[in-house]
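> To start, I am sharing the structure in question, which I have written as structure tokens.
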Amino acid sequence: MSDLDVDVLVVGGGPAGSAAAVALARAGREVVVVDKATFPRDKICGDGLTSGALQRLEEIGVAPAKVASWRAVDTMKVVTPTGVVRTLPFPTGQGTYAAVARRVDLDAEVLDAARRAGATVHEGHALCKVADPGSAASSWVGSVTGLGTVRARHVIGADGMWSPLRKAMGLGAPGYRGDCHAFRQYLTGVAPAALDALWVWFEPDVLPGYAWSFPMADGSVNVGYGIHRGGRVGVSDMGALWRSLLRRPALRRALGDGWEAEGPPRAWPIPARLGSLPLGGGRALFVGDAAGACDPMTGEGIGQALECGLAAAAAIVGGRSSDPAGVVRAYERELRRGLVRDNRMAARLLPLLRRRRGAEAAVRIASATPWVRRSFARWLFEDYPRALLLTPHRWHRGAFTGPGSYR
């Protein structure tokens with residue numbers, strides 16, 4: 001066991017940490033990524049990749065051909081509370097605007113992208129102790145199992161909703177259990193309709209949450225639903241509601257009756273309070289779930305995690321090691337002028353979906369014309385930011401007509 005002295009230590013090798021590692025390594029920084037898991041490892045998720053996520057995956061060098069379950073999708077079907085099916089297409093012939101990939105496959109490739117960029121990756125090594133000397137010291141100091149003492153000019157916490165790094169630095173949120181909760185299961189042998197599109201169901205008793213079915217390249221589907229804490233459905237009731245959802249006519253019309261479960265359903269909490277939790281402290285920056293960055297309306301977190309990771313890397317590269325407080329301020333400023341506003345805009349839209357009439361009206365407006373249908377699908381999948389009108393620095397020619405990723 002030997003001690004390490006590096007420019008940046010990244011705790012967590014998921015999308016947020018790996019994106020940060022790619023950008024830092026490309027900028028010539030010595031980066032070490034540690035993760036307590038050994039990849040490939042699963043992450044409970046809906047597995048959907050939005051346009052925003054795809055843009056950043058392409059930016060950091062993730063290759064879809066290396067992700068076995070990757071499936072590009074060009075159509076979304078939204079089912080209203082009264083059972084009306086609305087078809088929302090993505091543009092065709094201009095690249096990929098939506099895709100699906102199992103996290104067990106995707107995250108392994110994302111971490112490999114960090115390796116290819118030049119980061120050193122240590123799997124099966126967990127952060128076990130932090131001796132935070134404060135921002136006035138020349139380095140952050142911690143201990144990692146199997147590696148010994150690690151000294152770093154900066155540390156990035158990409159270690160999940162209950163970030164051990166955040167907790168060890170006294171910046172945790174005691175008692176926090178997430179803002180949303182989701183439930184998913186993989187099914188095989190579904191009807192052809194489920195393999196042709198992304199399906200979203202607004203069932204009355206799940207609002208403002210929704211149920212989904214996302215198709216994989218191997219013919220299976222990721223089916224699940226999400227709720228907001230404090231809503232009609234309690235977390236303890238989610239198992240019973242799941243069994244009810246699978247029997248409902250709206251879902252059966254797409255899934256059929258001959259499917260088989262690949263394994264048991266699994267549940268997970270979703271942190272969606274970006275801007276409320278501290279984004280950094282001392283020489284540490286927090287990204288992805290550790291920053292509570294998930295979208296409060298859709299629960300999506302991969303695109304947000306990638307954006308946080310890249311923003312953290314930019315703050316470190318553009319700052320000075322002698323001014324860690326300035327690095328934290330630069331990171332906070334970048335997120336608050338963009339992603340924080342997007343998430344707050346999404347949160348303001350939630351009340352519209354709490355009632356059946358609101359959900360019906362929203363879907364009806366979204367499918368009013370061919371242009372609106374295409375634009376709504378892209379807006380929902382974050383091809384252009386939720387708070388675009390409130391963030392003039394993002395205005396540019398072609399903001400509503402840009403190409404997709406992986407052309």
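Convention: chains lettered A, B, ... in structure tokens order; per-chain residue numbering from 1; ligands numbered from 1 as shown.
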Excluding stretch 270-277 of chain A and its own-chain neighbours fewer than 6 positions away, which residues fall within 6 Å of it when counting only C-alpha atoms? Please give them as a list in words.

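Near neighbours after the sequence-gap exclusion: Gly178, Asp179, Cys180, His181, Ala291, Gly292, Ala293, Cys294, Asp295 and Pro296 of chain A.
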
> Where does DSSP see helix (DSSP H, G or I) in stretch 265-402 of chain A, if you list the residues as a PyMOL selection string?

chain A and resi 288-291+302-318+324-336+339-353+356-366+370-380+388-390+392-394

> Which polymer residues have any atom within 6 Å of an atom of stretch 212-225 of chain A, counting only C-alpha atoms, with same-chain residues fewer than 4 positions away left out, as a PyMOL selection string?

chain A and resi 69-71+182-188+195+198-200

> Can you list, as a ChimeraX atom specification, all residues belonging to stretch 73-239 of chain A that DSSP tags as strand (DSSP E)?

/A:75-79,85-89,99-100,120-123,127-130,140-144,148-157,180-188,198-201,210-215,221-228

> Near stretch 362-368 of chain A, counting only C-alpha atoms, which residues have an atom at most 8 Å away, once you skip same-chain residues fewer than 2 positions from it, shown as an NGL selection string?

:A and (78 or 80 or 86-88 or 352-353 or 358-360 or 370 or 372-373 or 376)

> Next, dump the selected residues to file, keeping only N, CA and C atoms, as a PDB file, in the first residue's frame.


ATOM      1  N   VAL A  78     -47.470   8.964 -25.542  1.00  0.00           N
ATOM      2  CA  VAL A  78     -47.939   9.425 -24.243  1.00  0.00           C
ATOM      3  C   VAL A  78     -49.416   9.085 -24.125  1.00  0.00           C
ATOM      4  N   THR A  80     -52.845   9.573 -21.967  1.00  0.00           N
ATOM      5  CA  THR A  80     -53.476  10.483 -21.016  1.00  0.00           C
ATOM      6  C   THR A  80     -54.218   9.695 -19.931  1.00  0.00           C
ATOM      7  N   ARG A  86     -51.267   9.649 -27.542  1.00  0.00           N
ATOM      8  CA  ARG A  86     -50.727  10.703 -28.390  1.00  0.00           C
ATOM      9  C   ARG A  86     -49.307  10.303 -28.824  1.00  0.00           C
ATOM     10  N   THR A  87     -49.028  10.406 -30.107  1.00  0.00           N
ATOM     11  CA  THR A  87     -47.715  10.055 -30.640  1.00  0.00           C
ATOM     12  C   THR A  87     -46.883  11.317 -30.836  1.00  0.00           C
ATOM     13  N   LEU A  88     -45.698  11.339 -30.219  1.00  0.00           N
ATOM     14  CA  LEU A  88     -44.794  12.481 -30.298  1.00  0.00           C
ATOM     15  C   LEU A  88     -43.489  12.011 -30.928  1.00  0.00           C
ATOM     16  N   LEU A 352     -49.232  21.492 -12.556  1.00  0.00           N
ATOM     17  CA  LEU A 352     -50.097  21.266 -13.717  1.00  0.00           C
ATOM     18  C   LEU A 352     -50.423  19.787 -13.904  1.00  0.00           C
ATOM     19  N   LEU A 353     -49.541  18.915 -13.418  1.00  0.00           N
ATOM     20  CA  LEU A 353     -49.722  17.484 -13.621  1.00  0.00           C
ATOM     21  C   LEU A 353     -50.327  16.779 -12.411  1.00  0.00           C
ATOM     22  N   GLY A 358     -55.305  18.729 -15.656  1.00  0.00           N
ATOM     23  CA  GLY A 358     -54.040  19.357 -16.020  1.00  0.00           C
ATOM     24  C   GLY A 358     -53.207  18.471 -16.920  1.00  0.00           C
ATOM     25  N   ALA A 359     -53.135  17.178 -16.598  1.00  0.00           N
ATOM     26  CA  ALA A 359     -52.370  16.245 -17.423  1.00  0.00           C
ATOM     27  C   ALA A 359     -52.998  16.086 -18.799  1.00  0.00           C
ATOM     28  N   GLU A 360     -54.331  16.003 -18.845  1.00  0.00           N
ATOM     29  CA  GLU A 360     -55.013  15.897 -20.134  1.00  0.00           C
ATOM     30  C   GLU A 360     -54.734  17.128 -20.996  1.00  0.00           C
ATOM     31  N   PRO A 370     -48.074  19.195 -35.841  1.00  0.00           N
ATOM     32  CA  PRO A 370     -46.841  18.419 -36.048  1.00  0.00           C
ATOM     33  C   PRO A 370     -45.608  19.113 -35.475  1.00  0.00           C
ATOM     34  N   VAL A 372     -45.470  21.302 -32.979  1.00  0.00           N
ATOM     35  CA  VAL A 372     -45.537  21.263 -31.517  1.00  0.00           C
ATOM     36  C   VAL A 372     -45.213  19.865 -31.013  1.00  0.00           C
ATOM     37  N   ARG A 373     -45.698  18.827 -31.712  1.00  0.00           N
ATOM     38  CA  ARG A 373     -45.413  17.455 -31.267  1.00  0.00           C
ATOM     39  C   ARG A 373     -43.910  17.184 -31.282  1.00  0.00           C
ATOM     40  N   PHE A 376     -42.273  19.403 -28.541  1.00  0.00           N
ATOM     41  CA  PHE A 376     -42.546  18.981 -27.169  1.00  0.00           C
ATOM     42  C   PHE A 376     -41.703  17.769 -26.804  1.00  0.00           C
TER      43      PHE A 376
END

> Skipping near chain neighbours, those fewer than 2 positions away, what residues fall within 7 Å of stretch 401-405 of chain A using only C-alpha atoms, listed as a PyMOL selection string?

chain A and resi 54-55+58+94-97+398-399+407

> Just want the 12 Å neighbourhood of A:Ser236, counted on only C-alpha atoms, with same-chain residues fewer than 2 positions away dropped. Output as a JSON list (two decimals) with N, CA and C atoms, in the first residue's frame.


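Output contents, as saved in result.json:
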[["chain", "number", "residue", "atom", "x", "y", "z"],
["A", 181, "HIS", "N", -39.56, 8.81, -5.64],
["A", 181, "HIS", "CA", -39.21, 7.40, -5.50],
["A", 181, "HIS", "C", -39.70, 6.67, -6.75],
["A", 182, "ALA", "N", -38.90, 5.73, -7.22],
["A", 182, "ALA", "CA", -39.25, 5.03, -8.45],
["A", 182, "ALA", "C", -39.15, 3.52, -8.28],
["A", 183, "PHE", "N", -39.79, 2.81, -9.18],
["A", 183, "PHE", "CA", -39.94, 1.36, -9.10],
["A", 183, "PHE", "C", -39.78, 0.84, -10.52],
["A", 227, "ILE", "N", -43.08, 8.26, -8.32],
["A", 227, "ILE", "CA", -44.00, 9.10, -7.55],
["A", 227, "ILE", "C", -43.21, 10.20, -6.85],
["A", 229, "ARG", "N", -42.75, 12.17, -3.30],
["A", 229, "ARG", "CA", -43.05, 12.02, -1.88],
["A", 229, "ARG", "C", -44.05, 13.07, -1.43],
["A", 232, "ARG", "N", -50.19, 11.13, -3.61],
["A", 232, "ARG", "CA", -51.28, 10.20, -3.31],
["A", 232, "ARG", "C", -50.78, 8.84, -2.84],
["A", 233, "VAL", "N", -49.62, 8.42, -3.36],
["A", 233, "VAL", "CA", -49.11, 7.08, -3.09],
["A", 233, "VAL", "C", -47.92, 7.17, -2.14],
["A", 234, "GLY", "N", -47.97, 6.40, -1.06],
["A", 234, "GLY", "CA", -46.84, 6.34, -0.15],
["A", 234, "GLY", "C", -45.81, 5.33, -0.63],
["A", 238, "MET", "N", -46.00, 1.16, -2.81],
["A", 238, "MET", "CA", -45.56, 1.10, -4.20],
["A", 238, "MET", "C", -45.61, -0.31, -4.78],
["A", 239, "GLY", "N", -45.34, -1.33, -3.98],
["A", 239, "GLY", "CA", -45.38, -2.70, -4.47],
["A", 239, "GLY", "C", -46.78, -3.10, -4.92],
["A", 240, "ALA", "N", -47.77, -2.78, -4.10],
["A", 240, "ALA", "CA", -49.15, -3.12, -4.45],
["A", 240, "ALA", "C", -49.61, -2.34, -5.68],
["A", 241, "LEU", "N", -49.23, -1.06, -5.77],
["A", 241, "LEU", "CA", -49.62, -0.27, -6.93],
["A", 241, "LEU", "C", -48.95, -0.81, -8.19],
["A", 242, "TRP", "N", -47.72, -1.30, -8.08],
["A", 242, "TRP", "CA", -47.02, -1.85, -9.24],
["A", 242, "TRP", "C", -47.78, -3.04, -9.81],
["A", 267, "ALA", "N", -36.68, -0.81, -6.29],
["A", 267, "ALA", "CA", -37.06, 0.58, -6.05],
["A", 267, "ALA", "C", -35.83, 1.39, -5.67]]

> Taking 2 positions as the minimum chain separation for residues in the same chain, which residues sit within 8 Å of A:Pro40 when counting only C-alpha atoms? Answer as a VMD selection string.

chain A and resid 38 42 104 to 105 107 to 108

> Taking only C-alpha atoms into account, which of A:Leu339, A:Ala191, A:Ala63, A:Ala37 comes nearest A:Arg394?

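The shortest atom-to-atom distance to A:Arg394 comes from A:Leu339.
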
> Give me, as a Markdown table, each residue of stretch 270-304 of chain A that comes within 9 Å of stretch 144-164 of chain A, together with its shortest interatomic pair and the distance in Å at one decimal, counting only C-alpha atoms, with rows ordered by chain and rising residue number.


| residue | atom | partner | partner_atom | distance |
| --- | --- | --- | --- | --- |
| A:Ile270 | CA | A:Met161 | CA | 7.9 |
| A:Pro271 | CA | A:Met161 | CA | 6.4 |
| A:Gly280 | CA | A:Ile156 | CA | 8.9 |
| A:Gly282 | CA | A:His154 | CA | 8.8 |
| A:Arg283 | CA | A:His154 | CA | 5.1 |
| A:Ala284 | CA | A:Val155 | CA | 4.8 |
| A:Leu285 | CA | A:Ile156 | CA | 4.9 |
| A:Phe286 | CA | A:Gly157 | CA | 4.6 |
| A:Val287 | CA | A:Ala158 | CA | 5.3 |
| A:Gly288 | CA | A:Ala158 | CA | 6.2 |
| A:Asp289 | CA | A:Met161 | CA | 4.8 |
| A:Ala290 | CA | A:Met161 | CA | 4.7 |
| A:Ala291 | CA | A:Met161 | CA | 7.5 |
| A:Gly292 | CA | A:Met161 | CA | 6.7 |

> Grab the atom CA of A:Thr120 to atom CA of A:Ala21 distance for me, in Å with one decimal place.

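A separation of 9.0 Å between them.
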